>>> print(open('entry.txt').read())   # compact mmCIF, C-alpha atoms
# COMPACT_ATOMS: atom_id res chain seq x y z
CA MET B 1 -4.03 -25.19 22.01
CA MET B 2 -1.97 -26.60 19.17
CA LYS B 3 1.16 -24.59 18.48
CA PRO B 4 1.72 -23.95 14.79
CA LYS B 5 5.15 -24.81 13.37
CA ILE B 6 6.58 -21.78 11.65
CA GLY B 7 9.40 -21.61 9.10
CA ILE B 8 10.98 -18.27 8.20
CA VAL B 9 13.00 -18.23 4.97
CA VAL B 10 16.20 -16.19 5.20
CA PHE B 11 17.59 -14.76 1.97
CA PRO B 12 20.81 -12.78 1.78
CA GLY B 13 19.50 -9.29 2.52
CA SER B 14 16.40 -10.30 4.49
CA ASN B 15 16.13 -8.03 7.52
CA CYS B 16 12.69 -8.64 9.02
CA ASP B 17 13.46 -12.31 9.62
CA HIS B 18 14.39 -11.57 13.24
CA ASP B 19 11.31 -9.40 13.83
CA THR B 20 9.16 -12.21 12.50
CA PHE B 21 11.00 -14.81 14.60
CA TYR B 22 10.60 -12.67 17.73
CA THR B 23 6.88 -12.25 17.16
CA MET B 24 6.23 -15.91 16.34
CA HIS B 25 8.50 -17.42 18.97
CA ASP B 26 8.88 -14.97 21.86
CA VAL B 27 5.54 -13.18 21.73
CA LEU B 28 3.16 -15.84 20.46
CA GLY B 29 5.10 -18.88 21.68
CA TYR B 30 4.98 -20.78 18.39
CA ASP B 31 7.49 -23.44 17.40
CA THR B 32 9.65 -21.37 15.04
CA LYS B 33 12.73 -22.00 12.89
CA TYR B 34 14.78 -20.19 10.30
CA ILE B 35 15.18 -21.77 6.85
CA TRP B 36 18.35 -20.69 5.01
CA HIS B 37 17.61 -19.99 1.34
CA LYS B 38 20.13 -22.61 0.19
CA GLU B 39 18.21 -25.41 1.87
CA LYS B 40 16.22 -27.65 -0.43
CA SER B 41 13.14 -28.25 1.72
CA VAL B 42 11.00 -26.22 4.09
CA GLY B 43 10.61 -29.38 6.20
CA GLU B 44 7.76 -30.09 8.60
CA VAL B 45 6.05 -26.73 9.02
CA ASP B 46 2.49 -25.40 9.06
CA VAL B 47 3.31 -21.88 7.93
CA VAL B 48 6.08 -20.48 5.73
CA PHE B 49 7.07 -16.83 5.98
CA LEU B 50 8.95 -14.90 3.32
CA PRO B 51 10.09 -11.94 5.42
CA GLY B 52 10.74 -8.31 4.61
CA GLY B 53 14.09 -6.87 3.66
CA PHE B 54 16.15 -6.32 0.56
CA SER B 55 16.96 -9.78 -0.77
CA TYR B 56 19.92 -9.63 -3.14
CA GLY B 57 20.05 -5.86 -2.65
CA ASP B 58 16.83 -5.43 -4.66
CA TYR B 59 19.03 -5.68 -7.76
CA LEU B 60 17.29 -5.93 -11.14
CA ARG B 61 13.78 -5.92 -9.59
CA THR B 62 12.68 -6.51 -6.02
CA GLY B 63 12.44 -10.23 -5.33
CA ALA B 64 13.56 -11.15 -8.86
CA ILE B 65 16.71 -13.03 -7.84
CA ALA B 66 15.47 -14.47 -4.53
CA ARG B 67 12.75 -16.12 -6.54
CA PHE B 68 15.40 -18.50 -7.96
CA SER B 69 16.97 -19.40 -4.59
CA PRO B 70 17.20 -23.19 -4.03
CA ILE B 71 14.53 -23.14 -1.29
CA MET B 72 11.92 -21.62 -3.60
CA ASP B 73 11.03 -24.88 -5.36
CA SER B 74 10.03 -26.29 -1.99
CA VAL B 75 8.18 -23.07 -1.03
CA ILE B 76 6.22 -23.14 -4.30
CA ASP B 77 5.44 -26.82 -3.80
CA PHE B 78 4.31 -26.20 -0.21
CA ALA B 79 2.12 -23.25 -1.24
CA GLU B 80 0.60 -24.98 -4.25
CA ASN B 81 -0.37 -27.90 -2.04
CA GLY B 82 -2.32 -25.62 0.28
CA GLY B 83 0.38 -24.76 2.82
CA VAL B 84 -0.14 -21.41 4.55
CA THR B 85 2.39 -19.04 2.99
CA ILE B 86 2.85 -15.40 3.91
CA GLY B 87 5.02 -12.86 2.16
CA ILE B 88 5.50 -9.56 3.95
CA CYS B 89 6.98 -6.57 2.11
CA ASN B 90 9.96 -8.04 0.22
CA GLY B 91 8.29 -11.42 0.73
CA PHE B 92 5.22 -10.14 -1.15
CA GLN B 93 7.53 -9.00 -3.96
CA VAL B 94 9.07 -12.49 -4.11
CA LEU B 95 5.58 -14.09 -4.24
CA CYS B 96 4.70 -11.85 -7.19
CA GLU B 97 7.96 -12.56 -9.02
CA CYS B 98 7.55 -16.32 -8.72
CA GLY B 99 3.93 -16.15 -9.85
CA LEU B 100 2.28 -17.48 -6.68
CA LEU B 101 0.42 -14.17 -6.56
CA PRO B 102 -0.52 -12.02 -9.56
CA GLY B 103 0.90 -8.58 -10.27
CA ILE B 104 4.15 -6.81 -9.65
CA MET B 105 5.56 -4.06 -7.44
CA GLN B 106 6.81 -0.78 -8.87
CA LYS B 107 8.64 2.12 -7.26
CA ASN B 108 6.40 4.25 -5.04
CA ASP B 109 4.83 6.98 -7.14
CA SER B 110 6.45 9.62 -4.91
CA LEU B 111 9.85 7.97 -5.54
CA ASN B 112 10.39 8.22 -1.77
CA PHE B 113 11.00 5.42 0.68
CA ILE B 114 8.01 5.49 3.04
CA SER B 115 8.27 4.50 6.68
CA LYS B 116 5.15 5.30 8.68
CA ASP B 117 2.00 3.90 10.24
CA VAL B 118 -0.94 3.29 7.95
CA TYR B 119 -4.52 2.18 8.41
CA LEU B 120 -5.66 -0.87 6.54
CA LYS B 121 -9.26 -1.53 5.72
CA VAL B 122 -9.99 -5.24 5.97
CA GLU B 123 -11.94 -5.94 2.80
CA ASN B 124 -12.62 -9.60 3.39
CA LYS B 125 -12.91 -11.14 6.83
CA ASN B 126 -13.88 -14.50 5.53
CA THR B 127 -10.31 -15.78 5.12
CA PRO B 128 -7.92 -17.76 7.33
CA PHE B 129 -5.80 -14.60 7.67
CA THR B 130 -8.52 -12.21 8.79
CA SER B 131 -11.28 -14.22 10.48
CA ASP B 132 -10.20 -13.09 13.96
CA VAL B 133 -9.71 -9.42 13.17
CA PRO B 134 -12.21 -7.66 15.45
CA ASP B 135 -12.59 -4.34 13.61
CA GLU B 136 -12.72 -3.11 10.05
CA LEU B 137 -9.39 -1.34 10.45
CA LEU B 138 -5.86 -2.35 11.38
CA LYS B 139 -3.05 0.05 12.22
CA VAL B 140 0.33 -1.27 11.07
CA PRO B 141 3.53 0.27 9.70
CA VAL B 142 4.79 0.32 6.12
CA ALA B 143 8.48 0.60 5.26
CA HIS B 144 9.22 0.30 1.56
CA GLY B 145 10.50 2.04 -1.55
CA GLU B 146 8.74 -0.25 -4.01
CA GLY B 147 5.24 -1.06 -2.83
CA ASN B 148 3.31 0.37 -5.72
CA TYR B 149 1.21 -2.64 -6.67
CA PHE B 150 0.40 -3.02 -10.33
CA ALA B 151 -1.61 -5.54 -12.32
CA ASP B 152 -3.55 -5.18 -15.56
CA GLU B 153 -7.28 -4.43 -15.52
CA ALA B 154 -8.36 -8.01 -16.15
CA THR B 155 -6.28 -9.23 -13.20
CA ILE B 156 -7.67 -6.54 -10.89
CA LYS B 157 -11.21 -7.42 -11.95
CA ASP B 158 -10.48 -11.07 -11.23
CA LEU B 159 -9.07 -10.18 -7.78
CA GLU B 160 -12.18 -8.14 -7.00
CA GLU B 161 -14.64 -10.76 -8.20
CA ASN B 162 -13.01 -13.45 -6.11
CA ASN B 163 -12.68 -11.24 -3.01
CA GLN B 164 -8.91 -11.65 -3.11
CA ILE B 165 -8.12 -8.08 -2.11
CA LEU B 166 -7.67 -8.41 1.64
CA PHE B 167 -6.28 -5.05 2.71
CA LYS B 168 -6.59 -1.56 1.26
CA TYR B 169 -4.80 1.56 2.47
CA ALA B 170 -7.37 3.71 4.24
CA SER B 171 -7.93 6.75 6.42
CA ILE B 172 -8.53 6.49 10.16
CA ASN B 173 -12.23 6.56 9.28
CA GLY B 174 -11.95 3.72 6.82
CA SER B 175 -12.12 5.74 3.62
CA THR B 176 -10.20 4.10 0.78
CA ASP B 177 -10.04 7.26 -1.27
CA SER B 178 -6.84 7.70 -3.30
CA ASP B 179 -5.85 10.51 -0.90
CA PHE B 180 -4.93 7.80 1.59
CA ASN B 181 -2.82 5.82 -0.85
CA PRO B 182 0.83 6.09 0.27
CA ASN B 183 2.55 4.57 -2.77
CA GLY B 184 0.33 4.68 -5.86
CA SER B 185 -0.91 1.07 -5.67
CA VAL B 186 -3.81 0.24 -7.98
CA LYS B 187 -7.09 0.56 -6.00
CA ASN B 188 -5.12 1.26 -2.77
CA ILE B 189 -4.16 -2.42 -2.64
CA ALA B 190 -1.98 -3.28 0.36
CA GLY B 191 -2.48 -7.04 0.52
CA ILE B 192 -3.98 -9.87 -1.54
CA VAL B 193 -4.55 -13.62 -1.31
CA ASN B 194 -4.63 -16.33 -3.95
CA LYS B 195 -7.93 -17.90 -4.97
CA LYS B 196 -7.51 -20.84 -2.59
CA GLN B 197 -6.86 -18.37 0.24
CA ASN B 198 -3.71 -20.02 1.56
CA ILE B 199 -1.15 -17.54 0.20
CA LEU B 200 -1.07 -13.98 1.54
CA GLY B 201 1.10 -11.14 0.29
CA MET B 202 1.09 -7.75 2.00
CA MET B 203 3.36 -4.72 1.97
CA PRO B 204 2.69 -3.51 5.57
CA HIS B 205 4.42 -5.18 8.52
CA PRO B 206 2.01 -6.84 10.98
CA GLU B 207 4.98 -8.56 12.70
CA ARG B 208 6.23 -5.17 13.88
CA TYR B 209 2.97 -4.35 15.69
CA SER B 210 2.32 -7.55 17.55
CA ASN B 211 3.46 -6.83 21.05
CA SER B 212 1.44 -4.90 23.60
CA ILE B 213 4.67 -3.52 25.10
CA LEU B 214 5.04 -1.53 21.90
CA GLY B 215 1.58 -0.09 22.42
CA LYS B 216 0.37 -1.35 19.08
CA ASN B 217 -0.89 -4.82 18.70
CA ASP B 218 -3.06 -4.97 15.60
CA GLY B 219 -0.73 -7.22 13.60
CA ARG B 220 -1.30 -10.03 16.06
CA TYR B 221 -4.90 -10.51 14.91
CA ILE B 222 -3.63 -11.80 11.58
CA PHE B 223 -1.38 -14.40 13.22
CA LYS B 224 -4.07 -15.39 15.71
CA SER B 225 -6.47 -15.93 12.82
CA ILE B 226 -3.98 -18.22 11.10
CA ALA B 227 -3.32 -20.26 14.26
CA LYS B 228 -7.01 -20.68 14.95
CA ASN B 229 -7.77 -21.76 11.40
CA LEU B 230 -4.94 -24.29 11.36
CA ILE B 231 -6.65 -26.17 14.17
CA ASN B 232 -9.98 -26.31 12.40
CA MET F 1 31.80 -16.60 -28.19
CA TYR F 2 28.87 -14.24 -28.52
CA LYS F 3 28.36 -10.84 -27.02
CA ALA F 4 24.76 -10.12 -26.06
CA THR F 5 23.06 -6.89 -25.17
CA VAL F 6 19.57 -6.74 -23.73
CA ILE F 7 17.46 -3.62 -23.35
CA VAL F 8 14.52 -3.86 -20.96
CA LYS F 9 11.78 -1.26 -21.38
CA ARG F 10 8.63 -0.59 -19.46
CA ARG F 11 5.49 -1.14 -21.49
CA PRO F 12 4.31 2.12 -23.07
CA LYS F 13 1.10 2.30 -21.04
CA ILE F 14 2.82 1.80 -17.69
CA LEU F 15 3.63 4.90 -15.73
CA ASP F 16 7.32 5.56 -15.19
CA PRO F 17 7.78 7.69 -12.06
CA GLN F 18 11.57 7.75 -12.53
CA GLY F 19 11.27 9.01 -16.07
CA LYS F 20 8.86 11.67 -14.89
CA ALA F 21 11.23 12.84 -12.15
CA VAL F 22 14.20 12.96 -14.53
CA GLU F 23 12.17 14.90 -17.06
CA HIS F 24 11.36 17.40 -14.36
CA GLY F 25 15.14 17.91 -14.08
CA ALA F 26 15.36 18.40 -17.83
CA LYS F 27 12.79 21.19 -17.66
CA LEU F 28 14.74 22.84 -14.85
CA LEU F 29 17.81 22.73 -17.09
CA GLY F 30 15.87 24.52 -19.78
CA PHE F 31 15.27 21.61 -22.17
CA ASP F 32 11.76 22.71 -23.01
CA ASN F 33 11.47 20.37 -26.01
CA VAL F 34 12.23 17.20 -24.07
CA GLN F 35 9.20 15.01 -23.55
CA LYS F 36 8.16 11.40 -22.81
CA THR F 37 11.32 10.46 -20.89
CA ARG F 38 11.30 6.74 -20.08
CA ILE F 39 13.93 4.85 -18.11
CA GLY F 40 14.85 1.26 -18.87
CA LYS F 41 17.76 -1.10 -18.31
CA TYR F 42 20.76 -1.98 -20.44
CA ILE F 43 22.40 -5.34 -19.74
CA GLU F 44 25.40 -6.85 -21.53
CA PHE F 45 27.00 -10.25 -21.18
CA GLU F 46 28.88 -12.94 -23.05
CA ILE F 47 27.64 -16.36 -24.03
CA ASN F 48 30.39 -18.91 -24.17
CA THR F 49 29.41 -20.90 -27.24
CA ASP F 50 29.95 -20.73 -31.01
CA ASP F 51 26.52 -22.17 -31.71
CA HIS F 52 24.38 -19.25 -32.84
CA GLU F 53 21.10 -21.05 -32.33
CA LEU F 54 22.02 -21.99 -28.76
CA ALA F 55 23.24 -18.46 -28.00
CA GLU F 56 19.97 -17.02 -29.25
CA LYS F 57 17.92 -19.49 -27.20
CA GLU F 58 19.86 -18.66 -24.05
CA VAL F 59 19.69 -14.90 -24.42
CA LYS F 60 15.93 -15.10 -24.97
CA GLU F 61 15.32 -17.37 -21.99
CA TYR F 62 17.56 -15.31 -19.71
CA ALA F 63 15.71 -12.14 -20.71
CA GLU F 64 12.27 -13.74 -20.35
CA LYS F 65 12.83 -15.54 -17.06
CA LEU F 66 14.98 -13.11 -15.13
CA LEU F 67 16.06 -9.88 -16.80
CA SER F 68 12.53 -8.68 -17.51
CA ASN F 69 9.11 -9.20 -15.95
CA PRO F 70 6.48 -9.70 -18.66
CA ILE F 71 3.79 -8.05 -16.54
CA MET F 72 5.23 -4.61 -17.12
CA GLU F 73 8.30 -4.91 -19.32
CA ASP F 74 9.33 -5.77 -22.88
CA PHE F 75 12.85 -6.52 -24.03
CA GLU F 76 14.99 -6.28 -27.14
CA TYR F 77 18.27 -8.07 -27.65
CA LYS F 78 21.27 -8.03 -29.95
CA LEU F 79 23.75 -10.86 -30.50
CA GLU F 80 27.20 -10.33 -31.98
CA LYS F 81 29.87 -12.87 -32.72
CA ASN F 82 32.90 -11.90 -30.69
CA ASP F 83 36.09 -13.81 -31.40
CA GLU F 84 38.51 -11.38 -29.79
CA ALA F 85 37.82 -12.56 -26.25
>>> encode(input="entry.txt", output="structure tokens")
Amino acid sequence: MMKPKIGIVVFPGSNCDHDTFYTMHDVLGYDTKYIWHKEKSVGEVDVVFLPGGFSYGDYLRTGAIARFSPIMDSVIDFAENGGVTIGICNGFQVLCECGLLPGIMQKNDSLNFISKDVYLKVENKNTPFTSDVPDELLKVPVAHGEGNYFADEATIKDLEENNQILFKYASINGSTDSDFNPNGSVKNIAGIVNKKQNILGMMPHPERYSNSILGKNDGRYIFKSIAKNLIN
Amino acid sequence: MYKATVIVKRRPKILDPQGKAVEHGAKLLGFDNVQKTRIGKYIEFEINTDDHELAEKEVKEYAEKLLSNPIMEDFEYKLEKNDEA
């Protein structure tokens, strides 16, 4: 099986870069490298990760300053040319700030930092990120203070019509009622893709639940889907 | 030299959970008349030029590209000639 080449961008303040590296390299055995944010090119990679953390201390707005890091021109170029690009948590915030994905993240409506397991309902399995997910639900953790996804009504309608909403916060039974919304996100949105389906942004952390030793392995389905689809 | 101040505000229709929480504090303090508390950002900086047109262009671009996000925020700015510095 072909091993995907993975690049993980490291901003000052990234802190899930090592978790992502461990999952990609040690658990899944992929060819993985870090890309320092001051580099000018992502190089020869199949997948670019923008990891979780608190780039630039979350100053001004989450992801707002990282978005202007030197590497971002190359990331945007890579993504706009169809390269598989994944932003997790702070990475999702960076993708929104640089306009690769629509919308913006606000403070959680509770004003609390949330760190807990959530269930995600997979709304669209017909994407390179979800094609190998066996069930309708994934159990993965969230850890964020600003994951309250917002976009105007026209944008949400557009996301819905194009099946771009990939993950919604749900109950263990798959209900996406607002009772199971941890942060106030519009329509319980936890993750979206662009129209071309090569850019994924999600607040929950699949990289943290990708090792059977930890007892929770659901995140791995997302990465397995990507690897499989890269071959085809 | 110009001194610039930028105020970034959330759009009126967008919920402001911080403002809501602070207003809750106001009620606890007994300020029963306080309502519609909204929290924004105040940013000040200098622009090292004597060209007013250039200063205005830079303050606008800075505010549009970085200091605010047009999806949920508006901004206002003020420019003052500052020759003391």
>>> interface_residues(input="entry.txt", of="chain F", to="chain B", cutoff="9 Å", atoms="only C-alpha atoms", output="list in words")
Leu15, Asp16, Pro17, Gln18, Ala21, Lys41, Leu66, Leu67, Ser68, Asn69, Ile71 and Met72 of chain F
>>> residues_around(input="entry.txt", residues="segment 163-167 of chain B", least_positions_apart="4", cutoff="9 Å", atoms="all atoms listed in the file", output="list in words")
Leu120, Lys121, Val122, Glu123, Asn124, Lys125, Thr127, Phe129, Thr130, Ile156, Asp158, Leu159, Asn188, Ile189, Ala190, Gly191, Ile192, Val193, Asn194, Lys195, Gln197, Leu200 and Met202 of chain B
>>> residues_around(input="entry.txt", residues="Glu58 of chain F", least_positions_apart="6", cutoff="10 Å", atoms="only C-alpha atoms", output="ChimeraX atom specification")
/F:47,52,64
>>> residues_near_point(input="entry.txt", point="(-1.0, -7.4, 15.7)", cutoff="10 Å", atoms="all atoms listed in the file", output="PyMOL selection string")
chain B and resi 23+133+138-140+205-212+216-224
>>> residues_near_point(input="entry.txt", point="(20.6, -11.0, -30.1)", cutoff="7 Å", atoms="all atoms listed in the file", output="PyMOL selection string")
chain F and resi 4-5+56+59+77-80
>>> write_last_selection(input="entry.txt", atoms="C-alpha atoms", output="compact mmCIF listing (two decimals), keeping the file's coordinate frame")
# COMPACT_ATOMS: atom_id res chain seq x y z
CA ALA F 4 24.76 -10.12 -26.06
CA THR F 5 23.06 -6.89 -25.17
CA GLU F 56 19.97 -17.02 -29.25
CA VAL F 59 19.69 -14.90 -24.42
CA TYR F 77 18.27 -8.07 -27.65
CA LYS F 78 21.27 -8.03 -29.95
CA LEU F 79 23.75 -10.86 -30.50
CA GLU F 80 27.20 -10.33 -31.98
>>> residues_around(input="entry.txt", residues="segment 27-30 of chain B", least_positions_apart="5", cutoff="8 Å", atoms="only C-alpha atoms", output="list in words")
Lys3, Pro4, Lys5, Ile6, Tyr22, Ser210 and Asn211 of chain B
>>> atom_distance(input="entry.txt", atom1="atom CA of Ala170 of chain B", atom2="atom CA of Thr20 of chain B")
24.4 Å
>>> residues_around(input="entry.txt", residues="Lys187 of chain B", least_positions_apart="4", cutoff="10 Å", atoms="all atoms listed in the file", output="PDB file with C-alpha atoms, in the frame of the given file")
ATOM      1  CA  TYR B 149       1.210  -2.640  -6.670  1.00  0.00           C
ATOM      2  CA  PHE B 150       0.400  -3.020 -10.330  1.00  0.00           C
ATOM      3  CA  ILE B 156      -7.670  -6.540 -10.890  1.00  0.00           C
ATOM      4  CA  ILE B 165      -8.120  -8.080  -2.110  1.00  0.00           C
ATOM      5  CA  LYS B 168      -6.590  -1.560   1.260  1.00  0.00           C
ATOM      6  CA  TYR B 169      -4.800   1.560   2.470  1.00  0.00           C
ATOM      7  CA  THR B 176     -10.200   4.100   0.780  1.00  0.00           C
ATOM      8  CA  ASP B 177     -10.040   7.260  -1.270  1.00  0.00           C
ATOM      9  CA  SER B 178      -6.840   7.700  -3.300  1.00  0.00           C
ATOM     10  CA  ASN B 181      -2.820   5.820  -0.850  1.00  0.00           C
TER      11      ASN B 181
END
>>> residues_around(input="entry.txt", residues="Thr49 of chain F", least_positions_apart="3", cutoff="8 Å", atoms="only C-alpha atoms", output="short mmCIF file (atom, residue, chain, number, x, y, z; two decimals) with C-alpha atoms, in the coordinates of the input")
data_model
loop_
_atom_site.label_atom_id
_atom_site.label_comp_id
_atom_site.auth_asym_id
_atom_site.auth_seq_id
_atom_site.Cartn_x
_atom_site.Cartn_y
_atom_site.Cartn_z
CA MET F 1 31.80 -16.60 -28.19
CA TYR F 2 28.87 -14.24 -28.52
CA HIS F 52 24.38 -19.25 -32.84
CA LEU F 54 22.02 -21.99 -28.76
CA ALA F 55 23.24 -18.46 -28.00
#
>>> atom_distance(input="entry.txt", atom1="atom CA of Ile114 of chain B", atom2="atom CA of Leu214 of chain B")
20.3 Å
